[in-house]
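coords.txt follows; it contains compact mmCIF, C-alpha atoms and all ligand atoms.
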# COMPACT_ATOMS: atom_id res chain seq x y z
CA MET A 1 92.55 110.39 127.97
CA HIS A 2 91.90 114.09 128.41
CA SER A 3 88.44 114.63 129.86
CA ASP A 4 86.87 116.18 126.74
CA ASN A 5 89.31 114.77 124.17
CA SER A 6 91.10 118.14 123.93
CA TYR A 7 94.78 118.27 123.11
CA ASP A 8 97.43 120.92 122.65
CA ILE A 9 98.64 119.15 119.52
CA ALA A 10 96.87 116.46 117.51
CA ILE A 11 98.80 114.60 114.83
CA ILE A 12 96.93 112.78 112.10
CA GLY A 13 98.94 109.65 111.31
CA GLY A 14 101.35 107.52 113.31
CA GLY A 15 104.10 106.88 110.77
CA ILE A 16 107.75 107.58 111.39
CA SER A 17 107.49 111.33 110.68
CA SER A 18 104.74 111.71 113.27
CA CYS A 19 106.76 109.77 115.87
CA VAL A 20 109.95 111.72 115.19
CA PHE A 21 108.02 114.97 115.47
CA ALA A 22 106.31 114.05 118.79
CA SER A 23 109.56 112.80 120.29
CA THR A 24 111.65 115.77 119.15
CA HIS A 25 109.05 118.30 120.19
CA ILE A 26 108.97 116.91 123.72
CA LYS A 27 112.76 116.85 123.77
CA ASN A 28 112.74 120.49 122.65
CA GLY A 29 110.73 121.43 125.75
CA PHE A 30 107.08 121.02 124.78
CA ASP A 31 105.13 120.00 127.89
CA GLY A 32 101.55 119.88 126.56
CA LYS A 33 99.38 116.91 125.58
CA ILE A 34 99.76 115.28 122.18
CA ALA A 35 97.27 112.95 120.49
CA ILE A 36 98.48 110.64 117.73
CA ILE A 37 95.52 109.47 115.69
CA GLU A 38 96.24 106.56 113.38
CA ASN A 39 94.05 104.56 111.06
CA GLY A 40 96.13 101.39 111.42
CA ARG A 41 96.46 99.08 114.40
CA LYS A 42 99.93 100.27 115.39
CA LEU A 43 102.64 102.84 114.72
CA GLY A 44 104.96 102.79 111.71
CA GLY A 45 102.75 103.46 108.69
CA ARG A 46 104.71 102.59 105.56
CA SER A 47 107.72 101.63 107.74
CA SER A 48 106.09 98.82 109.61
CA THR A 49 106.13 95.13 110.30
CA ARG A 50 103.49 92.51 109.64
CA ASN A 51 102.62 90.31 112.62
CA SER A 52 100.37 87.75 111.03
CA PHE A 53 97.56 86.01 112.96
CA ASN A 54 98.04 82.96 110.70
CA ASN A 55 101.79 82.84 111.17
CA ILE A 56 102.43 83.48 114.83
CA GLY A 57 106.05 84.26 115.67
CA TRP A 58 106.88 85.67 112.24
CA GLU A 59 107.77 89.34 111.77
CA LEU A 60 108.16 90.56 108.22
CA ASN A 61 108.92 94.18 107.35
CA HIS A 62 106.37 94.61 104.60
CA GLY A 63 106.92 98.29 103.74
CA SER A 64 110.33 99.85 103.97
CA PRO A 65 112.67 97.07 105.14
CA ASN A 66 115.44 99.35 106.43
CA PHE A 67 116.47 102.95 105.75
CA ASN A 68 119.36 104.86 104.30
CA ILE A 69 120.68 108.29 105.20
CA CYS A 70 122.71 110.32 102.69
CA ASN A 71 122.58 113.75 104.34
CA LYS A 72 124.55 115.33 101.52
CA THR A 73 123.70 118.76 102.95
CA ASN A 74 125.26 117.85 106.30
CA ASN A 75 122.15 118.76 108.22
CA HIS A 76 123.21 118.73 111.86
CA LEU A 77 119.69 118.01 113.19
CA LEU A 78 119.54 114.84 111.14
CA GLN A 79 123.10 113.89 111.94
CA SER A 80 122.63 114.19 115.68
CA PHE A 81 119.23 112.47 115.61
CA ILE A 82 120.72 109.42 113.87
CA GLN A 83 123.68 109.45 116.24
CA GLU A 84 121.30 109.46 119.22
CA LEU A 85 119.41 106.46 117.83
CA LEU A 86 122.73 104.67 117.42
CA ASP A 87 123.92 105.63 120.92
CA SER A 88 120.68 104.51 122.53
CA LYS A 89 120.93 101.22 120.62
CA ILE A 90 117.59 101.71 118.89
CA ILE A 91 119.22 101.28 115.47
CA GLU A 92 122.48 99.88 114.18
CA SER A 93 124.38 99.99 110.90
CA ASP A 94 122.99 97.55 108.41
CA THR A 95 125.86 95.36 107.27
CA SER A 96 123.70 92.93 105.30
CA ASP A 97 124.62 91.81 101.80
CA VAL A 98 123.17 93.97 99.05
CA ILE A 99 123.34 92.22 95.71
CA ASP A 100 122.56 93.87 92.39
CA LEU A 101 121.12 91.28 90.03
CA LYS A 102 122.23 91.91 86.46
CA GLU A 103 121.29 90.48 83.09
CA ASN A 104 122.76 87.11 82.10
CA HIS A 105 122.59 86.29 85.80
CA LEU A 106 125.77 87.96 86.89
CA PHE A 107 125.62 88.91 90.54
CA GLU A 108 127.37 92.04 91.68
CA THR A 109 127.78 93.52 95.11
CA ARG A 110 127.64 97.10 93.96
CA ILE A 111 124.99 99.30 95.43
CA ASN A 112 123.04 101.15 92.80
CA SER A 113 119.69 101.91 94.37
CA ASP A 114 118.13 105.06 95.81
CA PHE A 115 117.03 102.95 98.76
CA LEU A 116 120.38 101.41 99.60
CA CYS A 117 123.05 103.99 98.79
CA CYS A 118 125.08 105.88 101.46
CA SER A 119 124.64 104.69 105.09
CA ASN A 120 122.09 101.96 105.76
CA TYR A 121 120.44 101.35 109.11
CA ILE A 122 118.15 98.77 110.66
CA PRO A 123 116.30 98.91 113.94
CA ARG A 124 117.54 96.47 116.57
CA SER A 125 113.92 95.29 116.82
CA SER A 126 111.37 95.58 114.01
CA MET A 127 110.47 98.54 111.80
CA SER A 128 107.19 99.06 113.71
CA GLU A 129 108.99 99.07 117.04
CA LEU A 130 111.40 101.68 115.70
CA SER A 131 108.59 104.26 115.66
CA GLN A 132 107.41 103.21 119.11
CA LYS A 133 110.91 103.39 120.58
CA ILE A 134 111.56 106.81 119.07
CA ILE A 135 108.59 108.17 121.03
CA SER A 136 109.18 106.16 124.20
CA LYS A 137 112.66 107.56 124.67
CA GLU A 138 111.21 111.06 125.25
CA ASN A 139 107.62 110.38 126.38
CA LEU A 140 108.64 109.96 130.00
CA ASN A 141 105.68 111.88 131.43
CA ASP A 142 103.09 110.12 129.32
CA GLN A 143 102.29 113.22 127.26
CA VAL A 144 101.43 111.23 124.16
CA LYS A 145 98.09 109.44 123.81
CA TYR A 146 97.48 107.04 120.95
CA PHE A 147 94.24 106.39 119.10
CA PHE A 148 94.47 103.44 116.74
CA GLU A 149 91.98 102.20 114.16
CA THR A 150 90.74 105.78 114.01
CA LEU A 151 90.39 107.28 110.54
CA ILE A 152 89.90 111.05 110.46
CA VAL A 153 87.40 111.93 107.73
CA LYS A 154 86.32 115.45 108.65
CA LEU A 155 87.99 118.66 109.87
CA ASN A 156 86.46 121.87 111.22
CA TYR A 157 88.17 125.06 112.30
CA ASP A 158 86.13 127.05 114.76
CA ASN A 159 87.11 129.68 117.36
CA ASN A 160 90.82 129.02 116.81
CA ARG A 161 90.35 125.30 117.50
CA TRP A 162 90.46 122.32 115.21
CA ILE A 163 87.78 119.68 115.59
CA LEU A 164 88.58 116.34 114.01
CA THR A 165 85.89 113.75 113.39
CA SER A 166 86.67 110.11 112.79
CA LYS A 167 84.79 107.67 110.59
CA ASN A 168 83.22 106.11 113.67
CA GLY A 169 82.08 109.49 114.98
CA ASN A 170 84.76 110.22 117.62
CA LYS A 171 85.69 113.87 118.03
CA PHE A 172 89.05 115.38 118.98
CA LYS A 173 89.68 119.05 119.76
CA THR A 174 93.09 120.59 119.40
CA LYS A 175 94.80 123.98 119.46
CA PHE A 176 97.32 122.91 116.85
CA LEU A 177 96.91 120.33 114.09
CA ILE A 178 99.68 118.42 112.35
CA CYS A 179 99.00 116.32 109.27
CA SER A 180 101.77 113.77 108.87
CA SER A 181 100.03 112.31 105.83
CA ASN A 182 98.63 114.38 102.99
CA LEU A 183 95.60 112.13 102.51
CA ILE A 184 93.28 114.70 104.06
CA LEU A 185 94.53 117.39 101.62
CA HIS A 186 94.90 115.29 98.48
CA LYS A 187 92.35 114.44 95.81
CA ARG A 188 92.74 110.72 96.56
CA SER A 189 90.84 111.40 99.84
CA LEU A 190 87.61 111.65 97.83
CA ASP A 191 87.79 107.94 96.95
CA ILE A 192 89.50 106.63 100.05
CA LEU A 193 87.52 108.54 102.68
CA LYS A 194 84.34 108.54 100.57
CA VAL A 195 83.80 112.27 101.01
CA ASN A 196 82.55 114.77 98.46
CA GLN A 197 85.16 117.44 99.11
CA ILE A 198 88.82 117.29 100.20
CA PRO A 199 88.50 117.60 104.03
CA LEU A 200 91.03 120.42 104.52
CA ARG A 201 89.46 122.36 101.60
CA LYS A 202 86.07 122.00 103.21
CA ALA A 203 87.40 123.26 106.57
CA ILE A 204 89.24 126.25 105.06
CA PRO A 205 87.47 127.35 101.87
CA GLU A 206 89.46 128.87 99.01
CA ASN A 207 90.84 132.44 99.35
CA ASN A 208 91.09 132.36 103.15
CA ASP A 209 94.74 131.41 103.40
CA LYS A 210 97.33 131.67 100.64
CA LYS A 211 99.52 128.88 102.00
CA ILE A 212 96.67 126.40 102.33
CA ASP A 213 95.45 127.26 98.83
CA LYS A 214 98.93 126.76 97.46
CA ILE A 215 99.60 123.45 99.16
CA ILE A 216 96.25 121.98 98.05
CA ASN A 217 96.88 123.27 94.56
CA LEU A 218 100.41 121.88 94.34
CA LEU A 219 99.29 118.51 95.65
CA THR A 220 97.23 118.03 92.50
CA LYS A 221 100.62 117.59 90.82
CA GLN A 222 101.83 115.01 93.31
CA ASP A 223 101.12 111.40 92.53
CA TYR A 224 101.99 108.09 94.14
CA VAL A 225 103.90 104.98 93.16
CA GLN A 226 101.78 101.89 93.59
CA ARG A 227 103.49 98.76 94.93
CA LEU A 228 102.64 95.23 95.94
CA THR A 229 104.69 93.29 98.43
CA PHE A 230 104.50 89.50 98.48
CA LEU A 231 105.24 88.02 101.89
CA ILE A 232 106.43 84.44 101.72
CA TYR A 233 106.48 82.37 104.90
CA THR A 234 108.76 79.53 103.82
CA LYS A 235 108.63 75.95 105.08
CA ILE A 236 110.75 75.10 108.06
CA ASN A 237 113.64 73.52 106.14
CA TYR A 238 114.05 76.22 103.53
CA CYS A 239 117.49 77.86 103.81
CA TYR A 240 120.27 79.52 101.80
CA LYS A 241 122.66 77.49 99.64
CA ASP A 242 125.62 79.11 101.37
CA ASN A 243 125.99 79.70 105.10
CA TYR A 244 125.06 83.41 105.15
CA LYS A 245 124.38 84.47 108.74
CA ASN A 246 123.05 88.07 108.83
CA LYS A 247 119.40 88.78 109.52
CA PHE A 248 118.73 90.44 106.13
CA ARG A 249 119.89 89.96 102.57
CA TYR A 250 118.81 92.28 99.76
CA PHE A 251 118.65 91.53 96.04
CA ILE A 252 118.02 94.44 93.68
CA LEU A 253 116.98 93.76 90.10
CA SER A 254 118.38 95.75 87.20
CA LYS A 255 115.82 97.58 85.01
CA LEU A 256 115.99 94.82 82.39
CA LEU A 257 115.51 92.04 84.91
CA GLU A 258 112.70 93.99 86.55
CA GLU A 259 111.01 94.18 83.15
CA LYS A 260 111.42 90.46 82.63
CA PHE A 261 110.59 89.09 86.09
CA LYS A 262 108.35 91.95 87.34
CA PHE A 263 110.14 92.16 90.68
CA GLU A 264 111.91 95.27 91.94
CA ARG A 265 113.78 93.83 94.92
CA ILE A 266 113.72 90.78 97.12
CA ILE A 267 114.52 90.89 100.81
CA PHE A 268 115.29 87.76 102.76
CA GLN A 269 114.46 88.19 106.44
CA LYS A 270 115.74 85.60 108.90
CA GLN A 271 113.26 85.07 111.75
CA SER A 272 114.02 84.60 115.43
CA ASN A 273 113.02 80.92 115.06
CA ASN A 274 115.54 80.67 112.18
CA ASN A 275 112.87 80.40 109.48
CA LEU A 276 113.57 82.39 106.34
CA GLY A 277 110.97 84.96 105.34
CA ILE A 278 111.03 86.44 101.84
CA VAL A 279 109.49 89.77 100.88
CA ILE A 280 109.26 90.57 97.18
CA HIS A 281 108.46 94.12 96.05
CA THR A 282 106.97 95.03 92.68
CA LYS A 283 106.02 98.37 91.17
CA ASN A 284 105.48 97.02 87.66
CA ASN A 285 102.13 98.50 86.63
CA GLU A 286 101.22 95.73 84.17
CA PHE A 287 101.90 93.08 86.80
CA ILE A 288 99.86 94.99 89.38
CA GLU A 289 96.96 95.38 86.91
CA GLU A 290 97.17 91.67 86.19
CA PHE A 291 96.98 90.96 89.93
CA PHE A 292 93.82 93.02 90.31
CA HIS A 293 92.19 91.25 87.35
CA PHE A 294 93.23 87.72 88.30
CA GLN A 295 90.12 86.04 89.70
CA ASN A 296 92.07 83.11 91.07
CA LYS A 297 94.72 84.60 93.36
CA ASP A 298 96.28 81.14 93.90
CA LYS A 299 97.18 81.03 90.22
CA PHE A 300 98.80 84.44 90.60
CA LYS A 301 100.81 83.12 93.54
CA GLU A 302 102.04 80.28 91.29
CA LYS A 303 103.34 82.89 88.86
CA ILE A 304 105.30 84.55 91.66
CA LEU A 305 106.96 81.26 92.52
CA ILE A 306 107.80 80.52 88.87
CA ASN A 307 109.39 83.95 88.41
CA PHE A 308 111.32 83.62 91.66
CA ASN A 309 112.72 80.23 90.68
CA GLN A 310 113.66 81.38 87.18
CA LEU A 311 115.38 84.45 88.56
CA PHE A 312 117.52 82.48 91.00
CA ASP A 313 117.96 79.49 88.69
CA LYS A 314 121.74 79.82 88.49
CA SER A 315 122.31 81.41 91.86
CA ASN A 316 124.98 80.14 94.20
CA PHE A 317 123.11 81.54 97.20
CA ILE A 318 119.42 80.89 96.78
CA ASN A 319 117.68 77.54 96.72
CA LYS A 320 114.70 76.72 94.57
CA LEU A 321 111.43 77.44 96.36
CA ASN A 322 109.13 74.49 95.72
CA ASP A 323 106.50 75.32 98.25
CA TYR A 324 105.76 77.61 101.16
CA GLN A 325 103.80 77.68 104.37
CA ASP A 326 101.90 80.85 103.46
CA LEU A 327 102.03 83.70 100.96
CA SER A 328 100.20 86.94 101.61
CA ILE A 329 99.99 90.04 99.49
CA MET A 330 100.11 93.63 100.72
CA ILE A 331 98.71 96.31 98.45
CA TRP A 332 100.34 99.74 98.78
CA ARG A 333 98.25 102.04 96.62
CA ALA A 334 100.40 104.98 97.72
CA SER A 335 103.82 103.55 98.58
CA GLN A 336 105.83 106.68 97.73
CA PRO A 337 105.01 110.19 96.54
CA SER A 338 106.22 111.01 93.05
CA GLY A 339 106.19 114.06 90.82
CA LEU A 340 106.20 117.38 92.56
CA ALA A 341 107.58 117.69 96.11
CA ILE A 342 105.93 120.33 98.31
CA PRO A 343 108.21 123.32 99.09
CA GLU A 344 109.47 123.61 102.65
CA VAL A 345 108.06 127.15 103.08
CA LEU A 346 104.57 125.67 103.08
CA GLN A 347 105.22 123.42 106.07
CA VAL A 348 103.55 125.71 108.63
CA CYS A 349 100.37 127.79 108.12
CA GLU A 350 100.54 130.17 111.06
CA ASN A 351 97.12 131.75 110.46
CA TYR A 352 95.31 128.48 111.01
CA ASN A 353 97.55 126.68 113.52
CA ILE A 354 98.17 123.82 111.16
CA ALA A 355 101.41 122.26 109.94
CA PHE A 356 102.57 119.28 107.91
CA CYS A 357 105.36 116.74 107.85
CA GLY A 358 106.21 113.56 105.99
CA ASP A 359 108.15 112.27 103.02
CA TRP A 360 106.06 114.35 100.59
CA PHE A 361 108.00 117.57 101.27
CA ASP A 362 110.94 118.81 99.29
CA PHE A 363 113.71 117.72 101.65
CA GLU A 364 116.64 115.52 100.85
CA GLY A 365 115.17 112.03 100.91
CA PHE A 366 111.84 112.95 99.26
CA GLY A 367 109.79 109.73 99.17
CA ARG A 368 112.06 108.01 101.68
CA ILE A 369 112.41 107.67 105.43
CA GLU A 370 115.27 110.16 105.38
CA GLY A 371 112.94 112.88 104.07
CA ALA A 372 110.19 111.90 106.52
CA ILE A 373 112.59 112.21 109.48
CA LEU A 374 114.12 115.47 108.30
CA SER A 375 110.71 117.09 107.74
CA ALA A 376 109.73 116.22 111.33
CA LEU A 377 112.96 117.47 112.88
CA LYS A 378 112.65 120.77 111.01
CA LEU A 379 108.98 121.15 111.87
CA SER A 380 109.62 121.02 115.59
CA CYS A 381 112.11 123.90 115.29
CA LYS A 382 109.71 125.95 113.17
CA ILE A 383 106.84 125.53 115.61
CA ASN A 384 109.07 126.39 118.57
CA SER A 385 110.09 129.61 116.87
CA ILE A 386 106.49 130.78 116.25
CA SER A 387 105.05 129.99 119.70
C1 LIG B 1 106.71 98.88 99.95
C2 LIG B 1 107.49 100.10 100.39
C3 LIG B 1 108.88 100.09 100.33
C4 LIG B 1 109.62 101.19 100.76
N1 LIG B 1 110.97 101.12 100.76
C5 LIG B 1 111.69 102.14 101.30
C6 LIG B 1 113.09 102.03 101.49
O1 LIG B 1 113.69 101.00 101.18
N2 LIG B 1 113.76 103.09 102.04
C7 LIG B 1 113.11 104.24 102.40
O2 LIG B 1 113.75 105.16 102.91
N3 LIG B 1 111.78 104.37 102.22
C8 LIG B 1 111.05 103.35 101.70
N4 LIG B 1 109.71 103.46 101.55
C9 LIG B 1 109.06 104.76 101.87
C10 LIG B 1 108.97 104.95 103.38
O3 LIG B 1 108.27 103.86 103.93
C11 LIG B 1 108.23 106.27 103.63
O4 LIG B 1 108.98 107.32 103.05
C12 LIG B 1 108.06 106.60 105.12
O5 LIG B 1 107.65 105.48 105.84
C13 LIG B 1 107.06 107.73 105.21
O6 LIG B 1 106.77 108.02 106.57
P1 LIG B 1 105.67 109.12 106.90
O7 LIG B 1 105.57 109.25 108.35
O8 LIG B 1 105.97 110.34 106.10
O9 LIG B 1 104.29 108.55 106.27
P2 LIG B 1 103.45 107.26 106.60
O10 LIG B 1 104.30 106.13 107.01
O11 LIG B 1 102.58 107.03 105.41
O12 LIG B 1 102.56 107.68 107.85
C14 LIG B 1 101.33 108.35 107.72
C15 LIG B 1 100.30 107.61 108.56
O13 LIG B 1 99.10 108.38 108.55
C16 LIG B 1 98.01 107.49 108.60
N5 LIG B 1 96.86 108.26 108.10
C17 LIG B 1 96.74 108.87 106.88
N6 LIG B 1 95.58 109.52 106.81
C18 LIG B 1 94.94 109.32 107.98
C19 LIG B 1 93.68 109.75 108.49
N7 LIG B 1 92.86 110.51 107.77
N8 LIG B 1 93.33 109.34 109.75
C20 LIG B 1 94.17 108.57 110.49
N9 LIG B 1 95.37 108.14 110.05
C21 LIG B 1 95.75 108.51 108.81
C22 LIG B 1 98.43 106.32 107.74
O14 LIG B 1 97.72 105.16 108.09
C23 LIG B 1 99.93 106.23 108.04
O15 LIG B 1 100.19 105.28 109.05
C24 LIG B 1 108.94 102.36 101.17
C25 LIG B 1 107.54 102.38 101.23
C26 LIG B 1 106.82 101.25 100.87
C27 LIG B 1 105.32 101.25 101.00
Just give me the structure of the file as structure tokens.
Amino acid sequence: MHSDNSYDIAIIGGGISSCVFASTHIKNGFDGKIAIIENGRKLGGRSSTRNSFNNIGWELNHGSPNFNICNKTNNHLLQSFIQELLDSKIIESDTSDVIDLKENHLFETRINSDFLCCSNYIPRSSMSELSQKIISKENLNDQVKYFFETLIVKLNYDNNRWILTSKNGNKFKTKFLICSSNLILHKRSLDILKVNQIPLRKAIPENNDKKIDKIINLLTKQDYVQRLTFLIYTKINYCYKDNYKNKFRYFILSKLLEEKFKFERIIFQKQSNNNLGIVIHTKNNEFIEEFFHFQNKDKFKEKILINFNQLFDKSNFINKLNDYQDLSIMIWRASQPSGLAIPEVLQVCENYNIAFCGDWFDFEGFGRIEGAILSALKLSCKINSIS
């Protein structure tokens, strides 16, 4: 740790955009000290893996299970970054089955989902390790320091320095601040951080900087898709009906089926001990409301099982699920930004040495990992050109 917790760059958040930025910036020649300050216990953010204390040895990707790259604009930064990850064997092409589930239980292998179109990739390890490996490949001189379980709730800008204060009172000083999440600029911070003013607004009051005013203003028009993911740790003998061998298998529900069964997609995740994990995603608001109001969560879990079994009733691939070892539920109050995407020109505010990255910017892949990566790659170039 730096003696007085001072850094050249501090990044709030340790999701994939933060890790891509730190790694790329070092690769682009930056030789200063970087602090990554993350509220969670590890890197990855919404692209991470659940290691459960109750289910040792299981690894379930509970946010984004994989990622897809379309790169319709042929962005060479993105293209070469993905190629590098492939060459260094950090990721590989995802050749898993993707099955669209249609009404009257027809199963089609035609990909019709924003998440699974174009080229799909999976990390060779887990989604959380993907973020870690992206940094490790460039952090050869130990320039990056990590602070986990550290939630930044307050910002101050004084004498051309940012001072960040965490919920537990730790302070960080930095010349340059990067926010890889917009929590600290968005109205949802009032509830989540339990503060009476949006932290960035408090640090830079209105009419001091046009870009900051604009970004805070535009963010009032950006909302979030809420999701739940149900993580099912199946019993040891549970397996497919057929002899499918790949690690993952994706089932995507059509709009009508989603309406009926309340599930958006189901991802089967084979574990290293050969057990079959199942992660079910839902973004159905009624179902989510019902979950919050259900006093007896075990009864809600029964509903999940009933829907699952009805959905796969006539399937040639999937066996009935009579029981499970464990079922846990992950609540993603802000799984993906929706509505207005923030224009790229607002990514860097030169007057206040602050910049932003993440999937909430208007890049190809808005709301997806592709957009998060692209925003970080572009940010490193922009900062290099102003310093
Ligand atoms: C259930 C689910 C399914 C998804 N499926 C897909 C998919 O199939 N394909 C796809 O491409 N994308 C998918 N996504 C979206 C994808 O996960 C995101 O686009 C991507 O992970 C965003 O990365 P990021 O770095 O921009 O943000 P994040 O991953 O959100 O990283 C920001 C980090 O900042 C931290 N943070 C925020 N505020 C503070 C603070 N004040 N102090 C300290 N830390 C803070 C957060 O804890 C978080 O770890 C999915 C997301 C979810 C939740």
Subject >> Nearest-residue call for ligand LIG 1 (chain B), choices A:Asn384, A:Ser254, A:Asn61, A:Asn55, using all atoms listed in the file >> reply: A:Asn61
Original post:
What lies within 7 Å of Lys283 in chain A using only C-alpha atoms, ignoring chain neighbours under 3 positions off, as a count of residues only?
Top reply: 4
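Those residues that approach Lys247 in chain A to within 8 Å, counting only C-alpha atoms, are Ser96, Phe268, Gln269, Lys270 and Gln271 of chain A; same-chain residues fewer than 3 positions away are not listed.
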Work out where the centre of an axis-aligned box around every listed atom of ligand LIG 1 (chain B) lies and how long its edges are once 3 Å is added on each side; give both in Å to one decimal as lines of an AutoDock Vina configuration file.
center_x = 103.3
center_y = 104.7
center_z = 105.2
size_x = 26.9
size_y = 17.6
size_z = 16.5
Subject >> Nearby residues, ligand LIG 1 (chain B), 6 Å, only C-alpha atoms and all ligand atoms, as a ChimeraX atom specification >> reply: /A:12-18,37-40,44-47,63-68,115,150-153,180-181,183-184,227,332,335-336,358-359,367-370,372
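Minimum atom-to-atom distances from A:Lys245, A:Lys167, A:Lys260, A:Lys187 to Leu276 in chain A were compared using all atoms listed in the file, and the lowest value belongs to A:Lys245.
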Find the residues near Lys211 in chain A: any atom within 9 Å, counting only C-alpha atoms, skip ones fewer than 5 places away on the same chain, and give them as a tab-separated table (two decimals) with C-alpha atoms, in the frame of the given file.
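Result file follows (part_0.tsv):
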chain	number	residue	atom	x	y	z
A	216	ILE	CA	96.25	121.98	98.05
A	345	VAL	CA	108.06	127.15	103.08
A	346	LEU	CA	104.57	125.67	103.08
A	347	GLN	CA	105.22	123.42	106.07
A	348	VAL	CA	103.55	125.71	108.63
A	349	CYS	CA	100.37	127.79	108.12
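Closest approach to Ala334 in chain A among A:Ile252, A:Leu231, A:Ile267, A:Ile192 is made by A:Ile192 (distances from only C-alpha atoms).
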Original post:
Between A:Ile383, A:Ile278, A:Ile215, A:Thr24, which has the minimum distance to Arg249 in chain A (counting only C-alpha atoms)?
Top reply: A:Ile278
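For the choices A:Tyr240, A:Tyr324, A:Phe251, A:Tyr7, the atom-to-atom distance to Ile163 in chain A is smallest for A:Tyr7 when using only C-alpha atoms.
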